[in-house]
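Heads up, the thing below is written out as structure tokens.
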Amino acid sequence: MQNQFINNLKSTTMNLKLVITLTICYVIYICKSNAIDPCASQPDNSDLNVIPMYGKCSPFNPPKTDSWDNRIINMASKDPARMSYLSTLVAQKTASSTPIASGQAFNIGNYVVRVKIGTPGQLLFMVLDTSTDEAFVPSSGCTGCSASASTFSPNSSTSYVPLDCSVPQCGQVRGLSCPATSSGACLFNQSYAGSSFSATLVQDSLRLAKDVISNYSFGSINAISGASIPAQGLLGLGRGPLSLLSQSGSIYSGVFSYCLPSFKSSYFSGSLKLGPVGQPKSIRTTPLLRNPHRPSLYYVNFTGISVGRVNVPLPNEHLSFDPNTGSGTIIDSGTVITRFVEPIYNAVRDEFRKQVTGPFSNLGAFDTCFVKTYETLAPAVTLHFTGLDLKLPMENSLIHSSSGSLACLAMAAAPSNVNSVLNVIANFQQQNLRVLFDTVNSKVGIAREVCN
């Protein structure tokens with residue numbers, strides 16, 4: 001009888017172990033099933049997320065062995081091409097009868113947003129660019145387009161319409177190749193940053209989170225020569241007639257804001273908010289200026305820079321906004337590191353070096369790198385605008401080498417090979433800030449917001 005009791009006890013113990021094991025497996029399965037995948041596609045009724053192009057969730061297969069700071073150095077090396085482009089725009093005059101859109105975009109913008117184009121919607125990750133007006137996307141059958149990236153398929157959309165040369169929108173793009181009779185498809189050719197493309201101006205529905213913009217005009221790219229065009233297209237957030245703000249009408253009331261996560265951030269942590277609803281109620285603002293010769297750019301009245309407690313003496317002619325020459329300061333999402341015209345940058349750099357122990361060395365675009373142990377001596381950099389002082393967090397003003405031995409001032413002079421008159425506040429300095437653009441009330445707001 002004792003043996004029978006022992007056998008029953010063993011059997012009960014084994015059954016209990018089996019139940020516990022099955023329960024643990026079930027719980028693990030449920031937990032895994034309910035776990036939040038930070039890279040999963042967002043629902044269509046959510047806010048628009050912003051992701052660094054080289055983040056872990058990026059659809060563009062970032063190199064896994066490259067450090068984030070080396071990626072920044074590589075991206076910043078393309079800034080001179082963008083600065084050259086911006087410099088060619090500032091003195092261009094717009095015809096009184098027809099506004100001229102930029103028609104230019106660079107694969108320098110390092111943040112993408114999730115959109116859907118067509119009916120049913122085709123998912124694309126488009127580069128966000130505040131200095132470009134029109135949107136453009138590579139289409140299926142495109143010659144020279146990236147073989148690994150998604151393209152837009154016009155034949156799969158029931159709402160797709162090619163535009164004719166006679167429509168008003170066709171007169172708002174550069175590089176037109178319409179016949180003299182103004183009939184036929186609105187074809188155009190553009191070149192930039194060593195690349196060029198040919199496209200057809202078309203209309204289709206554009207879905208941004210829960211909003212659908214019908215009859216949205218954009219360029220459907222047919223052929224590409226070069227490698228600097230965004231793999232899945234570009235979404236223009238400029239102020240021109242073909243920009244998202246202009247084509248969305250009363251939906252967004254000329255208001256949007258974004259919070260750009262650090263390049264170190266892996267997932268969809270940034271956000272693009274369109275329209276006045278949900279924008280910060282309390283935010284410091286500075287007037288938004290308008291250049292009639294280049295209406296797409298977001299000019300602000302930049303008045304000076306402080307390094308630590310020193311207000312750096314700067315020549316006023318390199319700060320002042322002048323619509324005739326295009327000089328002044330813009331806020332741009334596509335340039336990587338802030339660029340000042342050379343006299344301003346040199347003055348800021350020299351004052352920074354006075355307050356930090358050298359010697360100094362170069363690293364890529366950065367010419368003021370020092371031993372990291374002296375980082376505690378690095379002064380804060382404050383950008384002054386009319387009505388707004390922006391004290392940059394240290395992570396927005398310094399970048400570190402991949403080895404961690406060096407820290408560098410993350411700013412540079414405008415390239416000497418271009419006749420630049422622009423100061424550009426770039427995306428590295430905007431990271432983890434909420435930047436609000438209100439084109440109706442002509443103001444830009446900036447507030448601290450951690451979006452990593």
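In the structure tokens, each chain is lettered A, B, ... as it comes, each chain's residues begin at 1, and ligands are numbered from 1 in order of appearance.
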
### Task
Might you pull out every residue within 7 Å of Asn427 (chain A), with only C-alpha atoms counted and same-chain residues fewer than 5 positions away left off, and present them as a PyMOL selection string?
chain A and resi 332-337

For N, CA and C atoms, I'd like the residues from the last selection saved as a compact mmCIF listing (two decimals), in the first residue's frame.
# COMPACT_ATOMS: atom_id res chain seq x y z
N ASP A 332 15.46 74.55 -41.47
CA ASP A 332 15.39 73.55 -42.54
C ASP A 332 15.49 72.14 -41.95
N SER A 333 14.65 71.24 -42.44
CA SER A 333 14.66 69.87 -41.94
C SER A 333 15.60 68.96 -42.71
N GLY A 334 16.12 69.42 -43.85
CA GLY A 334 16.91 68.56 -44.72
C GLY A 334 18.42 68.69 -44.56
N THR A 335 18.90 69.82 -44.02
CA THR A 335 20.32 69.99 -43.76
C THR A 335 20.64 69.33 -42.42
N VAL A 336 21.79 68.67 -42.32
CA VAL A 336 22.08 67.88 -41.13
C VAL A 336 22.62 68.73 -39.99
N ILE A 337 23.68 69.48 -40.22
CA ILE A 337 24.26 70.31 -39.15
C ILE A 337 24.12 71.78 -39.51

Using only C-alpha atoms, I'd like a table of the residues in region 388-438 of chain A that come within 8 Å of region 356-379 of chain A; for each, show the closest atom pair and its distance in Å rounded to one decimal, ordered by chain and ascending number, as a Markdown table.
| residue | atom | partner | partner_atom | distance |
| --- | --- | --- | --- | --- |
| A:His400 | CA | A:Lys372 | CA | 7.9 |
| A:Gly404 | CA | A:Lys372 | CA | 7.2 |
| A:Ser405 | CA | A:Lys372 | CA | 5.4 |
| A:Leu406 | CA | A:Lys372 | CA | 4.7 |
| A:Ala407 | CA | A:Lys372 | CA | 5.1 |
| A:Cys408 | CA | A:Cys369 | CA | 4.0 |
| A:Leu409 | CA | A:Thr368 | CA | 5.6 |
| A:Ala410 | CA | A:Phe366 | CA | 6.5 |
| A:Met411 | CA | A:Phe366 | CA | 6.8 |
| A:Ala412 | CA | A:Phe366 | CA | 6.4 |

For the selection you just gave me, I'd like the residues written to a file as a short mmCIF file (atom, residue, chain, number, x, y, z; two decimals), in the first residue's frame, keeping C-alpha atoms.
data_model
loop_
_atom_site.label_atom_id
_atom_site.label_comp_id
_atom_site.auth_asym_id
_atom_site.auth_seq_id
_atom_site.Cartn_x
_atom_site.Cartn_y
_atom_site.Cartn_z
CA HIS A 400 31.20 62.42 -30.23
CA GLY A 404 34.22 58.16 -27.59
CA SER A 405 37.58 59.89 -27.24
CA LEU A 406 36.63 63.13 -28.98
CA ALA A 407 33.80 65.65 -28.69
CA CYS A 408 33.18 68.11 -31.54
CA LEU A 409 31.23 71.33 -31.97
CA ALA A 410 28.40 70.15 -34.24
CA MET A 411 28.28 73.21 -36.49
CA ALA A 412 30.19 74.35 -39.56
#

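Counting only C-alpha atoms, the residue from A:Thr386, A:Thr130, A:Ser416, A:Thr158 that sits nearest to Leu234 (chain A) is A:Thr130.
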
#### Entry: Shortest interatomic distance to Val444 (chain A) - which of A:Leu128, A:Ala414, A:Val255, A:Cys142, counting only C-alpha atoms
A:Val255

### Message
List the spatial neighbours of Ile251 (chain A) as number ranges by chain - criterion: any atom at most 9 Å away, only C-alpha atoms, same-chain residues fewer than 5 positions off excluded.
### Response
A: 211, 213, 245, 274-275

Please save C-alpha atoms of the selected residues as a CSV table (one decimal), in the first residue's frame.
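What ended up in again_30.csv:
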chain,number,residue,atom,x,y,z
A,211,ASP,CA,-6.8,62.4,-43.2
A,213,ILE,CA,-6.4,64.7,-49.4
A,245,LEU,CA,0.0,73.1,-46.8
A,274,LEU,CA,-0.7,68.6,-39.0
A,275,GLY,CA,-3.2,71.4,-38.3

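In terms of minimum interatomic distance to Ile425 (chain A), A:Arg339 ranks closest within A:Arg294, A:Arg448, A:Arg339, A:Arg353, counting only C-alpha atoms.
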
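The smallest atom-to-atom distance between Ser196 (chain A) and any of A:Val341, A:Val173, A:Ile229, A:Val212, using only C-alpha atoms, is found for A:Ile229.
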
### Backbone-only DSSP, alpha helix (DSSP H) members of region 89-310 of chain A, as a PyMOL selection string
chain A and resi 89+244-247

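Atom pair CA of Phe125 (chain A) / CA of Asp164 (chain A): separated by 27.4 Å.
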
### Query
From the list A:Pro138, A:Asn301, A:Ser156, A:Arg114, which residue is nearest Ala223 (chain A) when using only C-alpha atoms?
A:Pro138

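If you measure from each of A:Ser243, A:Asn346, A:Ser327, A:Thr200 to Val161 (chain A) using only C-alpha atoms, the closest one turns out to be A:Thr200.
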
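Within the 9 Å cut-off around Pro323 (chain A), using only C-alpha atoms and omitting residues fewer than 3 positions from it on the same chain, the listed residues are Val90, Ala91, Arg290, Asn291, Pro292, His293, Arg294, Gly326, Ser327 and Gly328 of chain A.
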
### Task
List every residue of region 167-263 of chain A that DSSP, applied to the backbone of this structure, places in strand (DSSP E), and write the result as a PyMOL selection string.
chain A and resi 187-192+195-208+211-225+234-236+255-259

### Message
Applying 8 Å and only C-alpha atoms, which residues near region 450-452 of chain A remain after dropping the ones on its own chain fewer than 2 positions away? List them as a count of residues only.
### Response
11
